[in-house]
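Shown next, in structure tokens, is the structure this report addresses.
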Amino acid sequence: MNYNAFKQKCKEKGYSASSLVTELGISKSNITNWKNGGNPSYEILIKMAQTLECSVGYLLGTEDDNHGAGATVSQALRSIKATPARTISLKSSKNLQDNYLNEIAAFANSSILFLCGNEKKFTATEPDRKIANISERGRDKMIEVFDNVNNNPIIANIQMQLSRIILHNLDITSAEQVSDEFLSSKADFILNDKKHKDSLRNYPFNLSDLLTLGDLFDKSIKFMISGVE
């Protein structure tokens, strides 16, 4: 993180670094790490950017202070390890903005770190959740993640993690549980990183795949992603 930019923004908003982290419920011990060039977690970065009314990219030193609090995901994830690009990006070629990423993560009952990371094992944030909602625009953005046309490793990574969530919600732990041969190969790739000679099988699920999975398991797209009907 760009600590000088962070400190300056705190001053502009009437905070010290110490008073800000206290207000946000963050341990003061993090401040020393940030001074030495360390980065806060993505979730903490979002909280700080919202409170200081600046972009995540500004706090990371990747952009100047003229974009407001809606920094794009790519700026925040440059220092976070992501899985290799296995598919393609949003139709608009743009990255997913923070507010939509937050909506999608909440709808999928996932943490931001799982959605943007490379963990294979998914653990629901709220195991006994009964309701899942998402705005119409957030839903459209989520569907676009599965309906890609351009090369963007960040969106590809989110697509892979959502595919893992789908397999979890369908209680699929083995590719043999999927009767469709093509989707079974994809499930094998998602679950086990097993690559196939047919390169089209070495990708996470796309929108067409979701519709087929829904028919196979008699589940809605909403259930497959959120875990609730």
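Starting from 1 in every chain, residues are counted up; chains themselves are A, B, ... following the order of the structure tokens, and ligands are numbered from 1 as listed.
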
Using only C-alpha atoms, find each residue in region 91-116 of chain A having at least one atom no more than 6 Å away from region 120-141 of chain A; report its shortest atom-to-atom pair and that distance in Å (one decimal), rows by chain then rising number, as a Markdown table.
| residue | atom | partner | partner_atom | distance |
| --- | --- | --- | --- | --- |
| A:Tyr100 | CA | A:Gly138 | CA | 5.5 |
| A:Phe107 | CA | A:Ala132 | CA | 5.6 |
| A:Asn109 | CA | A:Thr125 | CA | 5.3 |
| A:Ser110 | CA | A:Thr125 | CA | 5.5 |

*asked:* Just want the 9 Å neighbourhood of region 169-173 of chain A, counted on only C-alpha atoms, with same-chain residues fewer than 6 positions away dropped. Output as a count of residues only.
replied: 10

*asked:* Neighbouring residues of Ala17 (chain A) were defined as those with any atom within 12 Å, considering only C-alpha atoms; residues of the same chain fewer than 5 positions away were excluded. Please report them as a ChimeraX atom specification.
replied: /A:3-12,22-24,26-32,34-35,48,52

*CA of Lys195 (chain A) to CA of Gly214 (chain A), distance in Å rounded to a single decimal*: 24.1 Å
